[in-house]
Amino acid sequence: MRILFAEDERDLNRIVTQKLTSDGYSVDSCLDGREALDALACTEYDAVILDVMMPGADGYAVLRALRNAGKKTPVLFLTARDSIEDRVKGLDAGANDYLVKPFSFEELTARIRAMTRVSHGHATSELYVGDLVMDCAARRVTRGGREISLSAKEYALLEYLMHNQGIVLSREKIEDHIWNYDYEGGTNVVDVYISYLRRKIDSGQEVKLIQTVRGQGYVLREGSKS
């Protein structure tokens, strides 16, 4: 998933960005509200994490602009203010969740999973396509009961495909969600990682789950036998 993280404390911004990236998230980070507004104006995100008090525009202003644009992207507020009034204000402003500093990284990622699970219409942290199962909380993938080892980027790609099972995703759409602005790799990066996943997910299987739709992109669905 692609996440926008806006936080003006440089050390916290750097540490959280690094940890989210190591977990396989594609993260665009910024240090003030104006940068966050610019990023939101040109990119679709799966989740947004906003510090409440930022220069340029505070978290409330950024959230207000997002909601006024008709976007329902899940938003988590980060703040040092822990009063009930502050929490109520953030939630009433349209935030999906509220996390008080200091916080544990494990709680942050759990809240991200919970927000995005609701936005995708999933009741639990497990995703299914045929006998392929992804446990997002444990970051564990199995097919037919056999555990599959994936790199962080392979996991992120598979998670995106599973959230959009049955939907044909173009290479451009996949690249926009899995890689951030800093990526400087080759133009065939999506094809390369799809081939990695196919070897791990579909190799030796009668039913191929990852399918190519010529001229359009890729789709994860049941029903294609070799």
# chains A, B, ... in the order shown; residues from 1 in each chain; ligands from 1

$ residues_around --residues "A:Asp23" --least-positions-apart "5" --cutoff "9 Å" --atoms "only C-alpha atoms" --output "list in words"
Gln18, Ala152, Lys153 and Ala156 of chain A

$ select_by_dssp --residues "stretch 29-224 of chain A" --states "strand (DSSP E or B)" --output "MDAnalysis selection string"
chainID A and resid 29:30 47:51 75:79 97:100 126:129 132:135 140:143 146:148 169 207:213 217:224

$ closest_residue --among "A:Ser22, A:Thr212, A:Leu132, A:Thr43" --to "A:Ser151" --atoms "only C-alpha atoms"
A:Ser22

$ closest_residue --among "A:Met1, A:Leu31, A:Leu108, A:Ala93" --to "A:Asn13" --atoms "only C-alpha atoms"
A:Leu31

$ residues_around --residues "stretch 50-56 of chain A" --least-positions-apart "3" --cutoff "7 Å" --atoms "only C-alpha atoms" --output "PDB file with C-alpha atoms, in the first residue's frame"
ATOM      1  CA  PHE A   5       3.234  10.482   6.082  1.00  0.00           C
ATOM      2  CA  ALA A   6       3.290  14.148   7.133  1.00  0.00           C
ATOM      3  CA  GLU A   7       5.269  14.892  10.296  1.00  0.00           C
ATOM      4  CA  ASP A   8       7.446  17.951  11.015  1.00  0.00           C
ATOM      5  CA  ASP A  32       4.755  20.302   6.509  1.00  0.00           C
ATOM      6  CA  GLY A  33       1.102  20.576   5.636  1.00  0.00           C
ATOM      7  CA  ARG A  34       1.640  22.432   2.370  1.00  0.00           C
ATOM      8  CA  GLY A  59      -3.475  18.440  10.092  1.00  0.00           C
ATOM      9  CA  TYR A  60      -7.050  19.709  10.334  1.00  0.00           C
ATOM     10  CA  LEU A  76      -4.798   8.693  11.075  1.00  0.00           C
ATOM     11  CA  PHE A  77      -3.957  11.714  13.233  1.00  0.00           C
ATOM     12  CA  LEU A  78      -0.732  11.773  15.260  1.00  0.00           C
ATOM     13  CA  THR A  79      -0.575  14.254  18.130  1.00  0.00           C
TER      14      THR A  79
END

$ select_by_dssp --residues "stretch 13-214 of chain A" --states "helix (DSSP H, G or I)" --output "ChimeraX atom specification"
/A:13-22,33-42,59-68,84-92,105-119,152-163,171-178,189-201

$ write_last_selection --atoms "C-alpha atoms" --output "mmCIF file, in the first residue's frame"
data_model
loop_
_atom_site.group_PDB
_atom_site.id
_atom_site.type_symbol
_atom_site.label_atom_id
_atom_site.label_comp_id
_atom_site.auth_asym_id
_atom_site.auth_seq_id
_atom_site.Cartn_x
_atom_site.Cartn_y
_atom_site.Cartn_z
ATOM 1 C CA ASN A 13 9.619 11.339 10.271
ATOM 2 C CA ARG A 14 12.809 9.542 9.248
ATOM 3 C CA ILE A 15 12.415 6.647 11.708
ATOM 4 C CA VAL A 16 8.756 5.949 10.936
ATOM 5 C CA THR A 17 9.349 6.242 7.183
ATOM 6 C CA GLN A 18 12.214 3.757 7.395
ATOM 7 C CA LYS A 19 10.205 1.293 9.474
ATOM 8 C CA LEU A 20 7.137 1.465 7.227
ATOM 9 C CA THR A 21 9.328 1.048 4.152
ATOM 10 C CA SER A 22 11.069 -1.981 5.667
ATOM 11 C CA GLY A 33 1.102 20.576 5.636
ATOM 12 C CA ARG A 34 1.640 22.432 2.370
ATOM 13 C CA GLU A 35 3.758 19.564 1.005
ATOM 14 C CA ALA A 36 1.059 17.149 2.138
ATOM 15 C CA LEU A 37 -1.604 19.105 0.244
ATOM 16 C CA ASP A 38 0.544 19.085 -2.909
ATOM 17 C CA ALA A 39 1.076 15.319 -2.656
ATOM 18 C CA LEU A 40 -2.623 14.630 -2.097
ATOM 19 C CA ALA A 41 -3.532 16.765 -5.097
ATOM 20 C CA CYS A 42 -1.637 14.536 -7.527
ATOM 21 C CA GLY A 59 -3.475 18.440 10.092
ATOM 22 C CA TYR A 60 -7.050 19.709 10.334
ATOM 23 C CA ALA A 61 -6.595 21.898 7.247
ATOM 24 C CA VAL A 62 -5.060 19.027 5.268
ATOM 25 C CA LEU A 63 -7.870 16.675 6.291
ATOM 26 C CA ARG A 64 -10.511 19.272 5.479
ATOM 27 C CA ALA A 65 -9.071 19.746 1.972
ATOM 28 C CA LEU A 66 -8.995 15.982 1.445
ATOM 29 C CA ARG A 67 -12.620 15.520 2.501
ATOM 30 C CA ASN A 68 -13.793 18.595 0.549
ATOM 31 C CA ILE A 84 -10.725 13.684 25.152
ATOM 32 C CA GLU A 85 -11.675 17.016 23.571
ATOM 33 C CA ASP A 86 -8.745 16.820 21.161
ATOM 34 C CA ARG A 87 -9.587 13.263 20.177
ATOM 35 C CA VAL A 88 -13.224 14.124 19.612
ATOM 36 C CA LYS A 89 -12.233 17.144 17.513
ATOM 37 C CA GLY A 90 -10.000 15.012 15.297
ATOM 38 C CA LEU A 91 -12.576 12.281 14.781
ATOM 39 C CA ASP A 92 -15.382 14.781 14.154
ATOM 40 C CA PHE A 105 5.425 1.200 15.916
ATOM 41 C CA GLU A 106 3.477 -2.053 16.341
ATOM 42 C CA GLU A 107 0.372 -0.114 17.367
ATOM 43 C CA LEU A 108 0.782 2.283 14.453
ATOM 44 C CA THR A 109 0.923 -0.527 11.894
ATOM 45 C CA ALA A 110 -2.002 -2.318 13.555
ATOM 46 C CA ARG A 111 -4.087 0.851 13.250
ATOM 47 C CA ILE A 112 -3.062 1.247 9.601
ATOM 48 C CA ARG A 113 -4.179 -2.320 8.914
ATOM 49 C CA ALA A 114 -7.472 -1.743 10.714
ATOM 50 C CA MET A 115 -8.208 1.467 8.781
ATOM 51 C CA THR A 116 -7.409 0.010 5.397
ATOM 52 C CA ARG A 117 -9.248 -3.220 6.190
ATOM 53 C CA VAL A 118 -12.436 -1.247 6.774
ATOM 54 C CA SER A 119 -11.898 0.896 3.668
ATOM 55 C CA ALA A 152 8.745 -6.976 1.551
ATOM 56 C CA LYS A 153 8.073 -5.685 -1.973
ATOM 57 C CA GLU A 154 6.676 -9.029 -3.161
ATOM 58 C CA TYR A 155 4.359 -9.053 -0.156
ATOM 59 C CA ALA A 156 3.209 -5.489 -0.866
ATOM 60 C CA LEU A 157 2.452 -6.347 -4.493
ATOM 61 C CA LEU A 158 0.540 -9.489 -3.582
ATOM 62 C CA GLU A 159 -1.432 -7.615 -0.919
ATOM 63 C CA TYR A 160 -2.439 -4.995 -3.479
ATOM 64 C CA LEU A 161 -3.523 -7.689 -5.936
ATOM 65 C CA MET A 162 -5.522 -9.497 -3.240
ATOM 66 C CA HIS A 163 -7.264 -6.317 -2.106
ATOM 67 C CA ARG A 171 1.207 -1.695 -14.857
ATOM 68 C CA GLU A 172 1.041 2.054 -14.240
ATOM 69 C CA LYS A 173 -1.554 1.684 -11.481
ATOM 70 C CA ILE A 174 0.451 -1.053 -9.780
ATOM 71 C CA GLU A 175 3.676 0.944 -9.975
ATOM 72 C CA ASP A 176 1.966 4.051 -8.555
ATOM 73 C CA HIS A 177 0.743 2.115 -5.517
ATOM 74 C CA ILE A 178 3.793 -0.016 -4.780
ATOM 75 C CA VAL A 189 9.830 -3.367 -12.577
ATOM 76 C CA VAL A 190 6.189 -4.503 -12.359
ATOM 77 C CA ASP A 191 6.744 -7.332 -14.848
ATOM 78 C CA VAL A 192 9.847 -8.432 -12.928
ATOM 79 C CA TYR A 193 8.025 -8.636 -9.584
ATOM 80 C CA ILE A 194 4.992 -10.308 -11.136
ATOM 81 C CA SER A 195 7.344 -13.006 -12.435
ATOM 82 C CA TYR A 196 8.819 -13.395 -8.929
ATOM 83 C CA LEU A 197 5.337 -13.864 -7.467
ATOM 84 C CA ARG A 198 4.299 -16.327 -10.158
ATOM 85 C CA ARG A 199 7.270 -18.546 -9.377
ATOM 86 C CA LYS A 200 6.356 -18.571 -5.692
ATOM 87 C CA ILE A 201 2.547 -18.586 -5.923
#

$ residues_around --residues "A:Val219" --least-positions-apart "2" --cutoff "10 Å" --atoms "only C-alpha atoms" --output "number ranges by chain"
A: 161-162, 164-170, 209-213, 216-217, 221-222

$ residues_around --residues "A:Ser125" --least-positions-apart "6" --cutoff "6 Å" --atoms "only C-alpha atoms" --output "list in words"
Asp135, Cys136 and Ala137 of chain A

$ atom_distance --atom1 "atom CA of A:Tyr25" --atom2 "atom CA of A:Ile3"
7.0 Å

$ atom_distance --atom1 "atom CA of A:Tyr218" --atom2 "atom CA of A:Gly70"
28.1 Å
